[in-house]
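Taking it in order: structure first as structure tokens, then the write-up.
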Amino acid sequence: MLIVQKYGGTSVGNVERIEAVANRVIESKKAGHDLVVVVSAMSGETNKLLEYADYFSKSPNQREVDMLLSSGERVTSALLAIALEAKGYEAVSMSGRRAGIVTDNVHTKARIEHIDTSGMEEELKKGRIIVVAGFQGVTESGEVSTLGRGGSDLSAVAVAGALKADLCEIYTDVDGVYTTDPRIEPKAKKLDKISYDEMLELASLGAKVLQSRSVEMAKKLNVNLVTRSSFNNNEGTLITKEDNIMEQPLVSGIALDKNQARVTLRGVTDKPGIAAEIFQKLADSNVNVDMIIQNVGHDGTTNLGFTVPQNELEITKQAMGELKASSVMEYDSEIVKVSVVGVGMKSHSGVACKAFDTMAKEGINIEMISTSEIKISMVVHAKYGELAVRALHSAYQLDK
Ligand code: ADP
Ligand code: ASP
Ligand code: MG
């Protein structure tokens with residue numbers, strides 16, 4: 001079998017852990033598998049590098065940020081290759097460029113356009129273990145790019161898809177995907193299986209156990225994806241097609257997204273084309289706008305509220321600064337988004353009502369709401385985020 005294994009930041013957090021990863025990789029090699037290993041930077045490293053840049057500038061050149069951030073994963077990939085060689089196994093580390101990962105040129109959240117697998121295939125033929133630096137690629141013009149936070153998951157899935165690997169294993173610091181973040185709710189239950197769509201929803205709503213674009217890609221390329229712990233041998237969670245899952249629960253999980261900020265524009269001229277103008281500005285700046293609320297107009301003006309990722313607030317402010325359509329702008333970072341996710345919701349009514357009722361009983365004010373067929377999201381004050389998660393987890397009986 002050809003297996004792609006990805007090890008996250010905590011799993012490669014120091015040299016002893018890198019050695020433990022090397023031993024795991026060797027176990028798989030001994031079992032007769034071909035291996036491509038994708039690694040993250042040591043935990044905390046990417047944030048540390050970002051803080052260094054922040055010392056000099058609040059809006060650093062994004063190309064330079066990518067040069068900076070990509071270094072973290074290069075360190076761990078080289079160290080793991082050195083550890084494997086020291087144990088008598090032939091290994092070769094590869095940067096995103098050497099692995100043939102070509103992206104668009106949106107620095108700090110580039111999309112993978114294609115992967116030239118020839119370099120990896122050559123090394124696999126020689127029987128070597130390949131260690132790819134995750135989270136990075138290279139643009140057509142040769143610039144280093146990174147794939148967005150948590151992007152090593154995406155590197156692993158994309159490489160697995162391109163090489164038509166039999167399996168993609170994401171090794172992390174929890175046993176798999178739980179009904180909610182087990183660090184917030186210790187009563188959370190591990191799921192044996194979850195559908196691509198539900199996982200995608202949970203991931204894009206803040207469950208960082210898998211990066212959302214990696215799930216999107218796994219679904220598209222039909223990658224067999226498993227997430228499990230690098231610290232034990234427990235069975236993980238299989239992320240698979242909906243038809244492979246017999247019983248669909250009403251609600252499968254609760255997600256919390258703390259990386260949210262709200263922008264409110266007051267006194268926006270109420271005329272056709274105004275929303276297009278505002279959101280075009282944000283699109284041009286590559287800001288991901290999420291919930292949008294427009295109030296009923298009054299006296300020729302209206303109020304418009306929307307959420308953006310907190311780490312895109314500076315860019316949002318710059319983009320909104322160029323706008324003449326509104327008189328007052330307010331920014332609020334003290335918010336979080338809690339979401340209830342489940343494909344079973346499609347065919348049931350009253351699911352949303354229970355969520356609102358639960359918030360009411362806890363005395364939590366809901367500031368924004370959005371729903372789709374398989375999720376309900378609510379924006380609440382940041383101080384209530386974890387309480388809301390636990391209350392919803394219990395209300396939908398996910399601890400049972
Ligand atoms: P890695 O560094 O291995 O990529 P991450 O920190 O990105 O690991 O993701 C793993 C973390 O995701 C866990 O430690 C856990 O706190 C968090 N998490 C959030 N939601 C969930 C969930 N539903 N199931 C499991 N873990 C979750
Ligand atoms: N090191 C990067 C991050 O912290 C990518 C990853 O860990 O997946 O976001
Ligand atoms: Mg991660």
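Each chain in the structure tokens gets a letter, A, B, ..., in the order shown, and its residues are numbered from 1; ligands are numbered from 1 in order too.
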
Which residues are near Ile194 (chain A)? Cut-off 8 Å, only C-alpha atoms, ignore same chain within fewer than 2 positions. Put them as an mmCIF file with all heavy atoms, in the first residue's frame.
```cif
data_model
loop_
_atom_site.group_PDB
_atom_site.id
_atom_site.type_symbol
_atom_site.label_atom_id
_atom_site.label_comp_id
_atom_site.auth_asym_id
_atom_site.auth_seq_id
_atom_site.Cartn_x
_atom_site.Cartn_y
_atom_site.Cartn_z
ATOM 1 N N LEU A 191 -16.288 9.827 17.282
ATOM 2 C CA LEU A 191 -17.099 9.239 16.219
ATOM 3 C C LEU A 191 -16.250 8.213 15.461
ATOM 4 O O LEU A 191 -15.088 8.482 15.161
ATOM 5 C CB LEU A 191 -17.566 10.333 15.252
ATOM 6 C CG LEU A 191 -18.327 11.506 15.896
ATOM 7 C CD1 LEU A 191 -18.424 12.687 14.944
ATOM 8 C CD2 LEU A 191 -19.719 11.040 16.315
ATOM 9 N N ASP A 192 -16.833 7.056 15.169
ATOM 10 C CA ASP A 192 -16.090 6.057 14.387
ATOM 11 C C ASP A 192 -16.014 6.466 12.925
ATOM 12 O O ASP A 192 -15.015 6.267 12.259
ATOM 13 C CB ASP A 192 -16.769 4.685 14.477
ATOM 14 C CG ASP A 192 -16.723 4.146 15.888
ATOM 15 O OD1 ASP A 192 -15.753 4.477 16.613
ATOM 16 O OD2 ASP A 192 -17.662 3.430 16.288
ATOM 17 N N TYR A 196 -18.127 13.076 4.626
ATOM 18 C CA TYR A 196 -17.355 14.219 4.152
ATOM 19 C C TYR A 196 -18.122 15.519 4.397
ATOM 20 O O TYR A 196 -17.561 16.507 4.839
ATOM 21 C CB TYR A 196 -17.081 14.102 2.647
ATOM 22 C CG TYR A 196 -16.103 13.021 2.237
ATOM 23 C CD1 TYR A 196 -16.490 12.000 1.378
ATOM 24 C CD2 TYR A 196 -14.785 13.042 2.680
ATOM 25 C CE1 TYR A 196 -15.594 11.021 0.962
ATOM 26 C CE2 TYR A 196 -13.874 12.068 2.268
ATOM 27 C CZ TYR A 196 -14.284 11.061 1.417
ATOM 28 O OH TYR A 196 -13.396 10.091 1.009
ATOM 29 N N GLU A 198 -20.555 16.361 6.546
ATOM 30 C CA GLU A 198 -20.644 16.802 7.936
ATOM 31 C C GLU A 198 -19.290 17.269 8.441
ATOM 32 O O GLU A 198 -19.178 18.269 9.143
ATOM 33 C CB GLU A 198 -21.147 15.655 8.819
ATOM 34 C CG GLU A 198 -22.650 15.511 8.771
ATOM 35 C CD GLU A 198 -23.117 14.366 9.628
ATOM 36 O OE1 GLU A 198 -22.583 13.250 9.457
ATOM 37 O OE2 GLU A 198 -24.009 14.576 10.457
ATOM 38 N N MET A 199 -18.246 16.549 8.072
ATOM 39 C CA MET A 199 -16.905 16.938 8.510
ATOM 40 C C MET A 199 -16.534 18.292 7.916
ATOM 41 O O MET A 199 -15.954 19.143 8.591
ATOM 42 C CB MET A 199 -15.895 15.870 8.082
ATOM 43 C CG MET A 199 -14.517 16.077 8.691
ATOM 44 S SD MET A 199 -14.529 15.976 10.500
ATOM 45 C CE MET A 199 -13.848 17.540 10.991
ATOM 46 N N THR A 237 -11.012 8.073 13.468
ATOM 47 C CA THR A 237 -12.292 8.345 12.809
ATOM 48 C C THR A 237 -12.096 8.275 11.306
ATOM 49 O O THR A 237 -11.165 8.879 10.771
ATOM 50 C CB THR A 237 -12.797 9.750 13.188
ATOM 51 O OG1 THR A 237 -12.905 9.828 14.598
ATOM 52 C CG2 THR A 237 -14.150 10.044 12.548
ATOM 53 N N LEU A 238 -12.997 7.548 10.655
ATOM 54 C CA LEU A 238 -12.952 7.462 9.195
ATOM 55 C C LEU A 238 -13.847 8.550 8.613
ATOM 56 O O LEU A 238 -14.996 8.693 9.011
ATOM 57 C CB LEU A 238 -13.450 6.077 8.760
ATOM 58 C CG LEU A 238 -13.602 5.840 7.267
ATOM 59 C CD1 LEU A 238 -12.237 5.798 6.578
ATOM 60 C CD2 LEU A 238 -14.356 4.528 7.006
ATOM 61 N N ILE A 239 -13.317 9.314 7.674
ATOM 62 C CA ILE A 239 -14.130 10.332 6.997
ATOM 63 C C ILE A 239 -14.454 9.749 5.628
ATOM 64 O O ILE A 239 -13.549 9.442 4.844
ATOM 65 C CB ILE A 239 -13.372 11.681 6.886
ATOM 66 C CG1 ILE A 239 -13.137 12.249 8.293
ATOM 67 C CG2 ILE A 239 -14.190 12.711 6.131
ATOM 68 C CD1 ILE A 239 -11.858 11.916 8.922
ATOM 69 N N THR A 240 -15.747 9.580 5.359
ATOM 70 C CA THR A 240 -16.134 8.761 4.210
ATOM 71 C C THR A 240 -17.422 9.267 3.543
ATOM 72 O O THR A 240 -17.999 10.256 3.971
ATOM 73 C CB THR A 240 -16.285 7.290 4.677
ATOM 74 O OG1 THR A 240 -16.544 6.459 3.551
ATOM 75 C CG2 THR A 240 -17.422 7.129 5.668
ATOM 76 N N GLU A 242 -21.344 9.478 2.437
ATOM 77 C CA GLU A 242 -22.547 9.372 3.259
ATOM 78 C C GLU A 242 -23.154 7.963 3.213
ATOM 79 O O GLU A 242 -23.616 7.449 4.233
ATOM 80 C CB GLU A 242 -23.572 10.404 2.790
ATOM 81 C CG GLU A 242 -24.523 10.845 3.876
ATOM 82 C CD GLU A 242 -25.385 12.023 3.417
ATOM 83 O OE1 GLU A 242 -24.831 12.996 2.870
ATOM 84 O OE2 GLU A 242 -26.601 11.942 3.602
ATOM 85 N N ILE A 245 -22.370 5.232 5.735
ATOM 86 C CA ILE A 245 -22.768 5.389 7.126
ATOM 87 C C ILE A 245 -24.235 5.015 7.255
ATOM 88 O O ILE A 245 -25.101 5.628 6.643
ATOM 89 C CB ILE A 245 -22.525 6.840 7.594
ATOM 90 C CG1 ILE A 245 -21.030 7.152 7.454
ATOM 91 C CG2 ILE A 245 -22.980 7.034 9.031
ATOM 92 C CD1 ILE A 245 -20.661 8.574 7.704
#
```

Near ligand 1, 9 Å: chain A residue rows, closest pairs, only C-alpha atoms and all ligand atoms, as a Markdown table:
```
| residue | atom | partner | partner_atom_place_in_ligand_line | distance |
| --- | --- | --- | --- | --- |
| A:Lys6 | CA | ligand 1 | 3 (O) | 8.3 |
| A:Tyr7 | CA | ligand 1 | 3 (O) | 6.1 |
| A:Gly8 | CA | ligand 1 | 3 (O) | 3.2 |
| A:Gly9 | CA | ligand 1 | 2 (O) | 3.9 |
| A:Thr10 | CA | ligand 1 | 2 (O) | 5.3 |
| A:Ser11 | CA | ligand 1 | 3 (O) | 6.5 |
| A:Val12 | CA | ligand 1 | 2 (O) | 8.7 |
| A:Ser40 | CA | ligand 1 | 2 (O) | 7.0 |
| A:Ala41 | CA | ligand 1 | 2 (O) | 8.5 |
| A:Met42 | CA | ligand 1 | 2 (O) | 8.3 |
| A:Ser43 | CA | ligand 1 | 2 (O) | 6.5 |
| A:Arg149 | CA | ligand 1 | 7 (O) | 8.6 |
| A:Gly150 | CA | ligand 1 | 7 (O) | 5.7 |
| A:Gly151 | CA | ligand 1 | 4 (O) | 8.5 |
| A:Ser152 | CA | ligand 1 | 4 (O) | 7.4 |
| A:Asp153 | CA | ligand 1 | 4 (O) | 7.0 |
| A:Ile170 | CA | ligand 1 | 3 (O) | 7.6 |
| A:Tyr171 | CA | ligand 1 | 3 (O) | 6.2 |
| A:Thr172 | CA | ligand 1 | 3 (O) | 3.6 |
| A:Asp173 | CA | ligand 1 | 14 (O) | 5.4 |
| A:Val174 | CA | ligand 1 | 14 (O) | 5.5 |
| A:Asp175 | CA | ligand 1 | 25 (C) | 7.4 |
| A:Gly176 | CA | ligand 1 | 25 (C) | 5.6 |
| A:Val177 | CA | ligand 1 | 24 (N) | 3.8 |
| A:Tyr178 | CA | ligand 1 | 24 (N) | 3.7 |
| A:Thr179 | CA | ligand 1 | 23 (N) | 5.2 |
| A:Thr180 | CA | ligand 1 | 23 (N) | 3.8 |
| A:Asp181 | CA | ligand 1 | 20 (N) | 3.6 |
| A:Pro182 | CA | ligand 1 | 26 (N) | 6.1 |
| A:Arg183 | CA | ligand 1 | 16 (O) | 5.2 |
| A:Ile184 | CA | ligand 1 | 16 (O) | 7.6 |
| A:Ala188 | CA | ligand 1 | 23 (N) | 8.2 |
| A:Lys189 | CA | ligand 1 | 24 (N) | 8.7 |
| A:Lys190 | CA | ligand 1 | 24 (N) | 7.4 |
| A:Leu191 | CA | ligand 1 | 24 (N) | 8.6 |
| A:Met199 | CA | ligand 1 | 23 (N) | 8.8 |
| A:Leu202 | CA | ligand 1 | 23 (N) | 7.2 |
| A:Ala203 | CA | ligand 1 | 20 (N) | 7.9 |
| A:Gly206 | CA | ligand 1 | 20 (N) | 7.0 |
| A:Ala207 | CA | ligand 1 | 20 (N) | 3.6 |
| A:Lys208 | CA | ligand 1 | 12 (O) | 4.6 |
| A:Val209 | CA | ligand 1 | 9 (O) | 3.6 |
| A:Leu210 | CA | ligand 1 | 9 (O) | 6.4 |
| A:Gln211 | CA | ligand 1 | 7 (O) | 7.5 |
| A:Ser229 | CA | ligand 1 | 3 (O) | 8.5 |
| A:Ser230 | CA | ligand 1 | 3 (O) | 8.7 |
| A:Gly253 | CA | ligand 1 | 23 (N) | 6.7 |
| A:Ile254 | CA | ligand 1 | 23 (N) | 7.1 |
| A:Ala255 | CA | ligand 1 | 20 (N) | 6.4 |
| A:Leu256 | CA | ligand 1 | 20 (N) | 7.5 |
```

Please write the residues from the selection above to a file, keeping C-alpha atoms, as a PDB file, in the first residue's frame.
```pdb
ATOM      1  CA  LYS A   6       0.526  13.611   8.289  1.00  0.00           C
ATOM      2  CA  TYR A   7       1.842  14.587  11.716  1.00  0.00           C
ATOM      3  CA  GLY A   8       0.607  17.827  13.289  1.00  0.00           C
ATOM      4  CA  GLY A   9       2.404  20.396  15.417  1.00  0.00           C
ATOM      5  CA  THR A  10       2.063  18.724  18.815  1.00  0.00           C
ATOM      6  CA  SER A  11       3.162  15.376  17.359  1.00  0.00           C
ATOM      7  CA  VAL A  12       6.452  16.929  16.180  1.00  0.00           C
ATOM      8  CA  SER A  40       3.645  20.536  10.336  1.00  0.00           C
ATOM      9  CA  ALA A  41       5.915  22.990  12.089  1.00  0.00           C
ATOM     10  CA  MET A  42       6.569  22.338  15.786  1.00  0.00           C
ATOM     11  CA  SER A  43       3.542  23.478  17.786  1.00  0.00           C
ATOM     12  CA  ARG A 149      -3.655  28.040   8.847  1.00  0.00           C
ATOM     13  CA  GLY A 150      -3.866  24.317   9.435  1.00  0.00           C
ATOM     14  CA  GLY A 151      -2.792  23.856   5.802  1.00  0.00           C
ATOM     15  CA  SER A 152      -0.587  20.803   6.345  1.00  0.00           C
ATOM     16  CA  ASP A 153      -3.775  18.719   6.377  1.00  0.00           C
ATOM     17  CA  ILE A 170      -3.872  12.451   9.787  1.00  0.00           C
ATOM     18  CA  TYR A 171      -2.051  11.974  13.098  1.00  0.00           C
ATOM     19  CA  THR A 172      -2.880  14.543  15.748  1.00  0.00           C
ATOM     20  CA  ASP A 173      -3.147  15.033  19.519  1.00  0.00           C
ATOM     21  CA  VAL A 174      -6.685  13.638  19.971  1.00  0.00           C
ATOM     22  CA  ASP A 175      -8.024  10.168  19.103  1.00  0.00           C
ATOM     23  CA  GLY A 176     -10.132  11.360  16.174  1.00  0.00           C
ATOM     24  CA  VAL A 177     -13.163  13.504  15.448  1.00  0.00           C
ATOM     25  CA  TYR A 178     -15.410  14.018  18.474  1.00  0.00           C
ATOM     26  CA  THR A 179     -18.963  15.295  18.855  1.00  0.00           C
ATOM     27  CA  THR A 180     -17.300  18.542  19.920  1.00  0.00           C
ATOM     28  CA  ASP A 181     -13.825  19.730  20.950  1.00  0.00           C
ATOM     29  CA  PRO A 182     -12.955  17.337  23.823  1.00  0.00           C
ATOM     30  CA  ARG A 183     -10.900  20.126  25.391  1.00  0.00           C
ATOM     31  CA  ILE A 184     -14.073  22.161  25.852  1.00  0.00           C
ATOM     32  CA  ALA A 188     -17.595  14.563  24.014  1.00  0.00           C
ATOM     33  CA  LYS A 189     -17.749  11.201  22.242  1.00  0.00           C
ATOM     34  CA  LYS A 190     -15.408  10.017  19.539  1.00  0.00           C
ATOM     35  CA  LEU A 191     -17.099   9.239  16.219  1.00  0.00           C
ATOM     36  CA  MET A 199     -16.905  16.938   8.510  1.00  0.00           C
ATOM     37  CA  LEU A 202     -17.742  21.067  11.265  1.00  0.00           C
ATOM     38  CA  ALA A 203     -14.306  22.020   9.965  1.00  0.00           C
ATOM     39  CA  GLY A 206     -14.228  25.948  13.588  1.00  0.00           C
ATOM     40  CA  ALA A 207     -13.479  22.309  14.497  1.00  0.00           C
ATOM     41  CA  LYS A 208      -9.802  22.568  13.673  1.00  0.00           C
ATOM     42  CA  VAL A 209      -9.112  18.832  13.975  1.00  0.00           C
ATOM     43  CA  LEU A 210      -9.156  18.911  10.159  1.00  0.00           C
ATOM     44  CA  GLN A 211      -8.672  21.962   7.975  1.00  0.00           C
ATOM     45  CA  SER A 229      -3.752  10.047  17.606  1.00  0.00           C
ATOM     46  CA  SER A 230       0.019   9.930  17.227  1.00  0.00           C
ATOM     47  CA  GLY A 253     -21.516  17.692  16.413  1.00  0.00           C
ATOM     48  CA  ILE A 254     -21.106  21.172  17.847  1.00  0.00           C
ATOM     49  CA  ALA A 255     -18.388  23.524  16.607  1.00  0.00           C
ATOM     50  CA  LEU A 256     -16.934  26.701  18.054  1.00  0.00           C
TER      51      LEU A 256
END
```

### Task
List every residue of region 19-98 of chain A that DSSP, applied to the backbone, labels as alpha helix (DSSP H), and write the result as a ChimeraX atom specification.
/A:19-30,45-56,62-86

### Message
Counting only C-alpha atoms, which residue out of A:Lys164, A:Lys271, A:Lys109, A:Lys375 sits closest to Gln62 (chain A)?
### Response
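Once distances to Gln62 (chain A) are computed over only C-alpha atoms, the minimum belongs to A:Lys109.
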
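Using only C-alpha atoms for every distance, the candidate list A:Gly350, A:Gly363, A:Gly148, A:Gly342 yields A:Gly148 as the residue closest to Val65 (chain A).
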
### Task
Considering only C-alpha atoms, return as a list in words whatever protein or nucleic-acid residues lie within 7 Å of region 333-339 of chain A, sequence-local ones (same chain, fewer than 2 positions apart) excluded.
Leu205, Ile254, Ala255, Leu256, Asp257, Lys258, Gln260, Ala261, Arg262, Gln310, Tyr331, Val341, Lys375, Ile376, Ser377, Met378, Val379, Val380, His381, Ala382, Gly385 and Val389 of chain A

### Residue nearest Leu163 (chain A) - candidates A:Gly13, A:Ile3, A:Leu80, A:Ser394, atoms counted: only C-alpha atoms
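For Leu163 (chain A), the nearest of the given residues is A:Ile3.
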
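For the pair CA of Asn14 (chain A) and CA of Ala83 (chain A), the separation is 12.3 Å.
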
#### Entry: Polymer residues at most 9 Å from Leu282 (chain A), only C-alpha atoms, same-chain spacing of 3 or more positions, as a list in words
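Non-adjacent residues within range: Glu277, Ile278, Phe279, Ser285, Asn286, Val287, Asn288, Val289, Ile315, Thr316, Ala319 and Met320 of chain A.
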
Suppose we keep C-alpha atoms; can you now write the selection as a PDB file, in the first residue's frame?
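As a result, part_6.pdb now contains:
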```pdb
ATOM      1  CA  GLU A 277     -19.863  47.440  -4.128  1.00  0.00           C
ATOM      2  CA  ILE A 278     -19.063  46.624  -0.504  1.00  0.00           C
ATOM      3  CA  PHE A 279     -18.542  42.923  -0.967  1.00  0.00           C
ATOM      4  CA  SER A 285      -8.822  41.931  -0.789  1.00  0.00           C
ATOM      5  CA  ASN A 286      -9.426  38.156  -0.510  1.00  0.00           C
ATOM      6  CA  VAL A 287     -11.430  38.519   2.699  1.00  0.00           C
ATOM      7  CA  ASN A 288     -13.755  35.594   3.475  1.00  0.00           C
ATOM      8  CA  VAL A 289     -17.079  37.132   4.433  1.00  0.00           C
ATOM      9  CA  ILE A 315      -7.330  43.970   5.741  1.00  0.00           C
ATOM     10  CA  THR A 316     -11.095  44.437   6.106  1.00  0.00           C
ATOM     11  CA  ALA A 319     -10.810  47.781   2.324  1.00  0.00           C
ATOM     12  CA  MET A 320     -13.723  49.478   4.137  1.00  0.00           C
TER      13      MET A 320
END
```
